[in-house]
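Colleague: Sharing entry_36.cif here; it has mmCIF, C-alpha atoms.
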```cif
data_data
loop_
_atom_site.group_PDB
_atom_site.id
_atom_site.type_symbol
_atom_site.label_atom_id
_atom_site.label_comp_id
_atom_site.auth_asym_id
_atom_site.auth_seq_id
_atom_site.Cartn_x
_atom_site.Cartn_y
_atom_site.Cartn_z
ATOM 1 C CA MET A 1 -102.505 79.142 -129.866
ATOM 2 C CA GLY A 2 -99.294 80.985 -129.000
ATOM 3 C CA VAL A 3 -98.834 84.388 -127.513
ATOM 4 C CA ASN A 4 -98.791 87.361 -129.934
ATOM 5 C CA GLN A 5 -100.179 85.467 -132.922
ATOM 6 C CA LYS A 6 -101.956 87.596 -135.481
ATOM 7 C CA ILE A 7 -105.487 88.412 -134.330
ATOM 8 C CA ASN A 8 -108.289 87.492 -136.705
ATOM 9 C CA PRO A 9 -110.848 90.357 -136.698
ATOM 10 C CA GLU A 10 -113.609 87.750 -136.829
ATOM 11 C CA SER A 11 -112.462 86.030 -133.634
ATOM 12 C CA THR A 12 -115.227 85.513 -131.117
ATOM 13 C CA ASP A 13 -115.161 87.119 -127.695
ATOM 14 C CA SER A 14 -114.509 83.672 -126.214
ATOM 15 C CA ASP A 15 -111.466 83.116 -128.446
ATOM 16 C CA LEU A 16 -110.033 86.524 -127.611
ATOM 17 C CA ILE A 17 -110.657 86.075 -123.884
ATOM 18 C CA ARG A 18 -108.897 82.715 -123.903
ATOM 19 C CA ARG A 19 -105.921 84.307 -125.658
ATOM 20 C CA VAL A 20 -105.755 87.068 -123.036
ATOM 21 C CA GLN A 21 -106.025 84.480 -120.272
ATOM 22 C CA ASN A 22 -103.106 82.624 -121.895
ATOM 23 C CA GLY A 23 -100.936 85.756 -121.803
ATOM 24 C CA ASP A 24 -101.631 87.445 -125.169
ATOM 25 C CA ILE A 25 -102.500 90.886 -123.808
ATOM 26 C CA GLU A 26 -102.825 92.342 -127.317
ATOM 27 C CA ALA A 27 -105.953 90.205 -127.769
ATOM 28 C CA PHE A 28 -107.676 92.519 -125.278
ATOM 29 C CA ASP A 29 -107.568 95.442 -127.758
ATOM 30 C CA PRO A 30 -110.211 94.032 -130.118
ATOM 31 C CA LEU A 31 -112.435 93.299 -127.112
ATOM 32 C CA VAL A 32 -112.184 96.932 -126.035
ATOM 33 C CA ARG A 33 -112.885 98.262 -129.543
ATOM 34 C CA ARG A 34 -115.819 95.874 -129.941
ATOM 35 C CA HIS A 35 -117.512 96.688 -126.607
ATOM 36 C CA LEU A 36 -116.441 100.277 -125.880
ATOM 37 C CA PRO A 37 -119.461 102.016 -127.498
ATOM 38 C CA THR A 38 -121.948 99.779 -125.687
ATOM 39 C CA VAL A 39 -120.280 100.122 -122.287
ATOM 40 C CA ARG A 40 -119.921 103.886 -122.722
ATOM 41 C CA ALA A 41 -123.629 104.213 -123.630
ATOM 42 C CA PHE A 42 -124.572 102.034 -120.640
ATOM 43 C CA VAL A 43 -122.580 104.292 -118.277
ATOM 44 C CA ALA A 44 -123.786 107.525 -119.912
ATOM 45 C CA LEU A 45 -127.430 106.579 -119.372
ATOM 46 C CA ARG A 46 -126.827 106.079 -115.671
ATOM 47 C CA LEU A 47 -124.276 108.804 -114.982
ATOM 48 C CA PRO A 48 -124.721 111.728 -117.383
ATOM 49 C CA VAL A 49 -121.535 113.614 -116.494
ATOM 50 C CA PRO A 50 -119.210 113.522 -119.532
ATOM 51 C CA GLY A 51 -115.925 113.433 -117.618
ATOM 52 C CA LEU A 52 -117.177 110.728 -115.297
ATOM 53 C CA VAL A 53 -118.662 108.709 -118.167
ATOM 54 C CA ASP A 54 -115.249 108.431 -119.806
ATOM 55 C CA GLU A 55 -113.540 107.757 -116.475
ATOM 56 C CA ILE A 56 -115.980 104.999 -115.443
ATOM 57 C CA THR A 57 -115.900 103.454 -118.930
ATOM 58 C CA HIS A 58 -112.104 103.377 -118.840
ATOM 59 C CA GLU A 59 -112.084 101.946 -115.316
ATOM 60 C CA THR A 60 -114.532 99.239 -116.431
ATOM 61 C CA PHE A 61 -112.063 97.931 -118.999
ATOM 62 C CA VAL A 62 -109.102 98.272 -116.638
ATOM 63 C CA SER A 63 -110.990 96.282 -113.992
ATOM 64 C CA ALA A 64 -112.063 93.684 -116.534
ATOM 65 C CA PHE A 65 -108.468 93.246 -117.683
ATOM 66 C CA ARG A 66 -107.249 92.835 -114.088
ATOM 67 C CA ILE A 67 -109.711 90.040 -113.308
ATOM 68 C CA ILE A 68 -110.157 88.463 -116.741
ATOM 69 C CA GLY A 69 -108.420 85.323 -115.473
ATOM 70 C CA GLU A 70 -111.483 84.667 -113.296
ATOM 71 C CA PHE A 71 -113.933 85.094 -116.179
ATOM 72 C CA ASP A 72 -115.528 82.064 -117.865
ATOM 73 C CA PRO A 73 -114.989 82.660 -121.612
ATOM 74 C CA ASP A 74 -118.183 80.768 -122.426
ATOM 75 C CA ARG A 75 -120.303 83.375 -120.639
ATOM 76 C CA PRO A 76 -121.480 86.613 -122.337
ATOM 77 C CA PHE A 77 -118.612 89.106 -122.084
ATOM 78 C CA ARG A 78 -120.782 92.193 -122.675
ATOM 79 C CA ALA A 79 -123.066 91.337 -119.736
ATOM 80 C CA TRP A 80 -120.002 90.875 -117.528
ATOM 81 C CA LEU A 81 -118.647 94.274 -118.590
ATOM 82 C CA ARG A 82 -122.018 95.877 -117.840
ATOM 83 C CA GLY A 83 -121.958 94.295 -114.376
ATOM 84 C CA ILE A 84 -118.525 95.798 -113.701
ATOM 85 C CA ALA A 85 -119.672 99.175 -115.080
ATOM 86 C CA TRP A 86 -122.822 99.118 -112.945
ATOM 87 C CA ASN A 87 -120.812 98.465 -109.774
ATOM 88 C CA LEU A 88 -118.493 101.384 -110.602
ATOM 89 C CA VAL A 89 -121.456 103.672 -111.381
ATOM 90 C CA ARG A 90 -123.138 102.672 -108.126
ATOM 91 C CA GLN A 91 -119.949 103.420 -106.169
ATOM 92 C CA GLU A 92 -119.707 106.840 -107.842
ATOM 93 C CA LEU A 93 -123.354 107.626 -107.058
ATOM 94 C CA GLN A 94 -122.857 106.598 -103.429
ATOM 95 C CA ARG A 95 -119.728 108.775 -103.180
ATOM 96 C CA PHE A 96 -121.639 111.711 -104.691
ATOM 97 C CA ALA A 97 -124.558 111.179 -102.283
ATOM 98 C CA ARG A 98 -122.151 111.134 -99.307
ATOM 99 C CA GLU A 99 -120.538 114.378 -100.488
ATOM 100 C CA GLN A 100 -123.938 116.015 -100.937
ATOM 101 C CA ALA A 101 -125.078 114.856 -97.495
ATOM 102 C CA ASN A 102 -121.888 116.198 -95.901
ATOM 103 C CA LEU A 103 -122.273 119.504 -97.734
ATOM 104 C CA SER A 104 -125.911 119.721 -96.681
ATOM 105 C CA ARG A 105 -125.036 119.058 -93.016
ATOM 106 C CA PHE A 106 -122.297 121.697 -93.187
ATOM 107 C CA GLU A 107 -124.648 124.263 -94.735
ATOM 108 C CA GLN A 108 -127.288 123.435 -92.142
ATOM 109 C CA ALA A 109 -124.821 123.903 -89.273
ATOM 110 C CA GLN A 110 -123.649 127.192 -90.765
ATOM 111 C CA LEU A 111 -127.212 128.422 -91.130
ATOM 112 C CA VAL A 112 -128.075 127.498 -87.539
ATOM 113 C CA GLY A 113 -124.889 129.229 -86.333
ATOM 114 C CA PHE A 114 -125.663 132.348 -88.342
ATOM 115 C CA SER A 115 -129.233 132.346 -87.042
ATOM 116 C CA ARG A 116 -127.997 132.250 -83.457
ATOM 117 C CA GLY A 117 -125.703 135.169 -84.281
ATOM 118 C CA ILE A 118 -128.680 137.215 -85.460
ATOM 119 C CA ASP A 119 -130.336 136.823 -82.088
ATOM 120 C CA SER A 120 -127.264 137.983 -80.129
ATOM 121 C CA GLU A 121 -126.718 141.589 -79.013
ATOM 122 C CA THR A 122 -123.822 142.127 -81.431
ATOM 123 C CA PRO A 123 -124.434 139.877 -84.431
ATOM 124 C CA SER A 124 -121.475 138.810 -86.561
ATOM 125 C CA ASP A 125 -121.126 140.011 -90.143
ATOM 126 C CA ASP A 126 -122.171 136.554 -91.311
ATOM 127 C CA ALA A 127 -125.349 136.736 -89.247
ATOM 128 C CA VAL A 128 -126.132 140.215 -90.611
ATOM 129 C CA PHE A 129 -125.532 138.973 -94.160
ATOM 130 C CA LEU A 130 -127.801 135.983 -93.509
ATOM 131 C CA GLU A 131 -130.573 138.281 -92.331
ATOM 132 C CA GLU A 132 -130.175 140.412 -95.460
ATOM 133 C CA CYS A 133 -130.178 137.353 -97.712
ATOM 134 C CA LEU A 134 -133.262 135.926 -95.987
ATOM 135 C CA LYS A 135 -135.143 139.100 -96.930
ATOM 136 C CA HIS A 136 -134.606 138.295 -100.611
ATOM 137 C CA LEU A 137 -136.274 134.890 -100.345
ATOM 138 C CA PRO A 138 -139.880 134.495 -101.491
ATOM 139 C CA ALA A 139 -142.233 134.676 -98.483
ATOM 140 C CA ASP A 140 -143.103 130.965 -98.504
ATOM 141 C CA MET A 141 -139.419 129.946 -98.622
ATOM 142 C CA HIS A 142 -138.550 132.440 -95.885
ATOM 143 C CA GLN A 143 -141.311 130.923 -93.758
ATOM 144 C CA LEU A 144 -139.947 127.417 -94.432
ATOM 145 C CA VAL A 145 -136.520 128.490 -93.133
ATOM 146 C CA GLU A 146 -138.059 130.177 -90.089
ATOM 147 C CA GLU A 147 -140.115 127.103 -89.201
ATOM 148 C CA ARG A 148 -137.187 124.727 -89.679
ATOM 149 C CA TYR A 149 -134.333 126.620 -88.048
ATOM 150 C CA ARG A 150 -135.908 129.032 -85.593
ATOM 151 C CA ARG A 151 -138.842 126.900 -84.427
ATOM 152 C CA GLY A 152 -137.015 123.607 -84.925
ATOM 153 C CA LEU A 153 -139.759 121.758 -86.822
ATOM 154 C CA SER A 154 -138.693 118.497 -88.443
ATOM 155 C CA ASN A 155 -138.960 117.931 -92.190
ATOM 156 C CA GLU A 156 -141.950 115.674 -91.552
ATOM 157 C CA GLU A 157 -143.724 118.348 -89.489
ATOM 158 C CA LEU A 158 -142.970 120.960 -92.152
ATOM 159 C CA GLY A 159 -144.346 118.681 -94.858
ATOM 160 C CA VAL A 160 -147.630 118.357 -92.986
ATOM 161 C CA ALA A 161 -147.742 122.110 -92.252
ATOM 162 C CA VAL A 162 -147.271 123.139 -95.897
ATOM 163 C CA GLY A 163 -149.125 120.195 -97.447
ATOM 164 C CA ARG A 164 -146.058 118.835 -99.252
ATOM 165 C CA THR A 165 -144.005 115.640 -99.179
ATOM 166 C CA VAL A 166 -140.992 115.239 -96.916
ATOM 167 C CA GLU A 167 -138.846 114.916 -100.043
ATOM 168 C CA TRP A 168 -140.142 118.275 -101.338
ATOM 169 C CA VAL A 169 -139.267 119.886 -97.999
ATOM 170 C CA ARG A 170 -135.800 118.306 -97.985
ATOM 171 C CA VAL A 171 -135.031 119.391 -101.568
ATOM 172 C CA SER A 172 -136.452 122.883 -101.004
ATOM 173 C CA LEU A 173 -134.363 123.391 -97.865
ATOM 174 C CA PHE A 174 -131.263 122.120 -99.674
ATOM 175 C CA ARG A 175 -131.815 124.627 -102.491
ATOM 176 C CA ILE A 176 -132.537 127.460 -100.062
ATOM 177 C CA ARG A 177 -129.362 126.720 -98.074
ATOM 178 C CA LYS A 178 -127.352 126.706 -101.278
ATOM 179 C CA GLN A 179 -128.918 130.009 -102.378
ATOM 180 C CA LEU A 180 -128.282 131.583 -98.968
ATOM 181 C CA ARG A 181 -124.686 130.359 -98.902
ATOM 182 C CA THR A 182 -124.045 131.904 -102.338
ATOM 183 C CA CYS A 183 -125.674 135.167 -101.227
ATOM 184 C CA ILE A 184 -123.674 135.325 -97.967
ATOM 185 C CA GLU A 185 -120.395 134.501 -99.728
ATOM 186 C CA GLY A 186 -121.093 137.274 -102.248
ATOM 187 C CA LYS A 187 -121.729 139.773 -99.467
ATOM 188 C CA ILE A 188 -118.554 138.706 -97.637
ATOM 189 C CA VAL A 189 -116.479 139.238 -100.772
ATOM 190 C CA ARG A 190 -118.096 142.636 -101.460
ATOM 191 C CA SER A 191 -117.569 143.727 -97.840
ATOM 192 C CA ARG A 192 -113.830 143.040 -98.158
ATOM 193 C CA TYR A 193 -113.581 145.369 -101.133
ATOM 194 C CA VAL A 194 -115.547 148.105 -99.364
ATOM 195 C CA SER A 195 -113.446 147.933 -96.177
#
```
Go through the file and emit its structure as structure tokens.
Modeller:
Amino acid sequence: MGVNQKINPESTDSDLIRRVQNGDIEAFDPLVRRHLPTVRAFVALRLPVPGLVDEITHETFVSAFRIIGEFDPDRPFRAWLRGIAWNLVRQELQRFAREQANLSRFEQAQLVGFSRGIDSETPSDDAVFLEECLKHLPADMHQLVEERYRRGLSNEELGVAVGRTVEWVRVSLFRIRKQLRTCIEGKIVRSRYVS
């Protein structure tokens, strides 16, 4: 079979893969058209962010094309594509988790810094804004923040104290920090317009 021969639409995956491996890159097109909906659905079920779904799906086929020479054409091509897609999805989820953890640590450090500012003789604007924003929290959430950041209780200790799981405490604190950050940022912006 020579390079750039007409492609039979009924060619098997194995035939098309062999052609690609022999240098007929146009034989990869029917493989993409044949498997694109399945790979896209596979990615979408695991990573429901439309822009990322398309990006990961595209990257799956790019990666497959790059390493197709290593693929055994007698093996199931769709399963191989799903394996590539799963590795890319997993990498994206790990990257997202790292970003969230970094953001959470940053918010936590900011909150602790603001809290220390509240206790000083001349609190900073940020500390004053934090105190104002804390007043808008429901009483139980305000208490959670007080116990965590002023008394220094761990998430495990807080979970026991409020009769909830550590995961519930962690998620609740994450949401509270996000809410407080948004509130403080809003007050900072408004204070600039008033000044």
Colleague: With all atoms listed in the file as the counted atoms, please give the residues lying no more than 10 Å from Val32 in chain A, apart from itself and same-chain residues fewer than 3 positions off, as number ranges by chain.
Modeller: A: 27-29, 35-37, 39, 58, 61-62, 65
Colleague: Restrict the selected residues to C-alpha atoms and save them as a CSV table (one decimal), in the frame of the given file.
Modeller:
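See selection02.csv below for the written result:
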```csv
chain,number,residue,atom,x,y,z
A,27,ALA,CA,-106.0,90.2,-127.8
A,28,PHE,CA,-107.7,92.5,-125.3
A,29,ASP,CA,-107.6,95.4,-127.8
A,35,HIS,CA,-117.5,96.7,-126.6
A,36,LEU,CA,-116.4,100.3,-125.9
A,37,PRO,CA,-119.5,102.0,-127.5
A,39,VAL,CA,-120.3,100.1,-122.3
A,58,HIS,CA,-112.1,103.4,-118.8
A,61,PHE,CA,-112.1,97.9,-119.0
A,62,VAL,CA,-109.1,98.3,-116.6
A,65,PHE,CA,-108.5,93.2,-117.7
```
Colleague: Using only C-alpha atoms, which of A:Thr38, A:Thr182, A:Thr57, A:Thr165 sits nearest Cys133 in chain A?
Modeller: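 So, comparing all the options, the nearest one is A:Thr182.
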Colleague: Any chance you could resolve the PyMOL selection byres ((chain A and resi 166-175) around 8) against this file and give the residues as a VMD selection string?
Modeller: chain A and resid 104 144 to 145 155 to 156 158 to 159 164 to 165 176 to 179
Colleague: What does the distance from CA of Trp80 in chain A to CA of Ala64 in chain A come to in Å, to one decimal?
Modeller: 8.5 Å
Colleague: With all atoms of range 141-144 of chain A from the file as input, state the centre and edge lengths in Å to one decimal of the axis-aligned box that has 8 Å extra on each side, as AutoDock Vina command-line options.
Modeller:
```
--center_x -139.9 --center_y 129.9 --center_z -96.2 --size_x 18.8 --size_y 21.0 --size_z 20.9
```
Colleague: Exactly which residues make up the result of the PyMOL selection byres ((chain A and resi 87) around 12) on this file, given as a PDB file with C-alpha atoms, in the coordinates of the input?
Modeller:
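What follows is the written file part19.pdb:
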```pdb
ATOM      1  CA  VAL A  43    -122.580 104.292-118.277  1.00  0.00           C
ATOM      2  CA  ARG A  46    -126.827 106.079-115.671  1.00  0.00           C
ATOM      3  CA  ILE A  56    -115.980 104.999-115.443  1.00  0.00           C
ATOM      4  CA  THR A  57    -115.900 103.454-118.930  1.00  0.00           C
ATOM      5  CA  GLU A  59    -112.084 101.946-115.316  1.00  0.00           C
ATOM      6  CA  THR A  60    -114.532  99.239-116.431  1.00  0.00           C
ATOM      7  CA  SER A  63    -110.990  96.282-113.992  1.00  0.00           C
ATOM      8  CA  TRP A  80    -120.002  90.875-117.528  1.00  0.00           C
ATOM      9  CA  LEU A  81    -118.647  94.274-118.590  1.00  0.00           C
ATOM     10  CA  ARG A  82    -122.018  95.877-117.840  1.00  0.00           C
ATOM     11  CA  GLY A  83    -121.958  94.295-114.376  1.00  0.00           C
ATOM     12  CA  ILE A  84    -118.525  95.798-113.701  1.00  0.00           C
ATOM     13  CA  ALA A  85    -119.672  99.175-115.080  1.00  0.00           C
ATOM     14  CA  TRP A  86    -122.822  99.118-112.945  1.00  0.00           C
ATOM     15  CA  LEU A  88    -118.493 101.384-110.602  1.00  0.00           C
ATOM     16  CA  VAL A  89    -121.456 103.672-111.381  1.00  0.00           C
ATOM     17  CA  ARG A  90    -123.138 102.672-108.126  1.00  0.00           C
ATOM     18  CA  GLN A  91    -119.949 103.420-106.169  1.00  0.00           C
ATOM     19  CA  GLU A  92    -119.707 106.840-107.842  1.00  0.00           C
ATOM     20  CA  LEU A  93    -123.354 107.626-107.058  1.00  0.00           C
ATOM     21  CA  GLN A  94    -122.857 106.598-103.429  1.00  0.00           C
TER      22      GLN A  94
END
```
Colleague: Quick one: of A:Asp140, A:Asp13, A:Glu132, A:Glu26, who's nearest to Gly186 in chain A, counting all atoms listed in the file?
Modeller: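 Once distances to Gly186 in chain A are computed over all atoms listed in the file, the minimum belongs to A:Glu132.
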Colleague: How far is it from CA of Asp74 in chain A to CA of Lys6 in chain A, in Å with one decimal?
Modeller: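 Interatomic distance here is 21.9 Å.
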Colleague: In Å, rounded to a single decimal, give me how far CA of Arg34 in chain A is from CA of Arg18 in chain A.
Modeller: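 Between CA of Arg18 in chain A and CA of Arg34 in chain A the gap is 16.0 Å.
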Colleague: So, with all atoms listed in the file as the atoms that count, which of A:Gly152, A:Val160, A:Leu130, A:Pro138 lies closest to Glu185 in chain A?
Modeller: A:Leu130
Colleague: Please expand the PyMOL selection byres ((chain A and resi 15) around 12) into the concrete residues it hits in this file, giving the result as a compact mmCIF listing (two decimals) with C-alpha atoms, in the frame of the given file.
Modeller:
```txt
# COMPACT_ATOMS: atom_id res chain seq x y z
CA MET A 1 -102.50 79.14 -129.87
CA ILE A 7 -105.49 88.41 -134.33
CA ASN A 8 -108.29 87.49 -136.71
CA PRO A 9 -110.85 90.36 -136.70
CA GLU A 10 -113.61 87.75 -136.83
CA SER A 11 -112.46 86.03 -133.63
CA THR A 12 -115.23 85.51 -131.12
CA ASP A 13 -115.16 87.12 -127.70
CA SER A 14 -114.51 83.67 -126.21
CA LEU A 16 -110.03 86.52 -127.61
CA ILE A 17 -110.66 86.08 -123.88
CA ARG A 18 -108.90 82.72 -123.90
CA ARG A 19 -105.92 84.31 -125.66
CA VAL A 20 -105.76 87.07 -123.04
CA GLN A 21 -106.02 84.48 -120.27
CA ASN A 22 -103.11 82.62 -121.90
CA ASP A 24 -101.63 87.44 -125.17
CA ALA A 27 -105.95 90.20 -127.77
CA PHE A 28 -107.68 92.52 -125.28
CA PRO A 30 -110.21 94.03 -130.12
CA LEU A 31 -112.44 93.30 -127.11
CA ASP A 72 -115.53 82.06 -117.86
CA PRO A 73 -114.99 82.66 -121.61
CA ASP A 74 -118.18 80.77 -122.43
CA ARG A 75 -120.30 83.38 -120.64
CA PHE A 77 -118.61 89.11 -122.08
```
Colleague: Report as a PyMOL selection string all protein, DNA and RNA residues lying within 7 Å of Val53 in chain A, evaluated on only C-alpha atoms, omitting residues in the same chain fewer than 6 positions from it.
Modeller: chain A and resi 40+43-44+47
Colleague: Pick out the closest residue to Arg66 in chain A from this set: A:Ile184, A:Ile25, A:Phe129, A:Ala139. Count all atoms listed in the file.
Modeller: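 Among the listed residues, the smallest separation from Arg66 in chain A belongs to A:Ile25.
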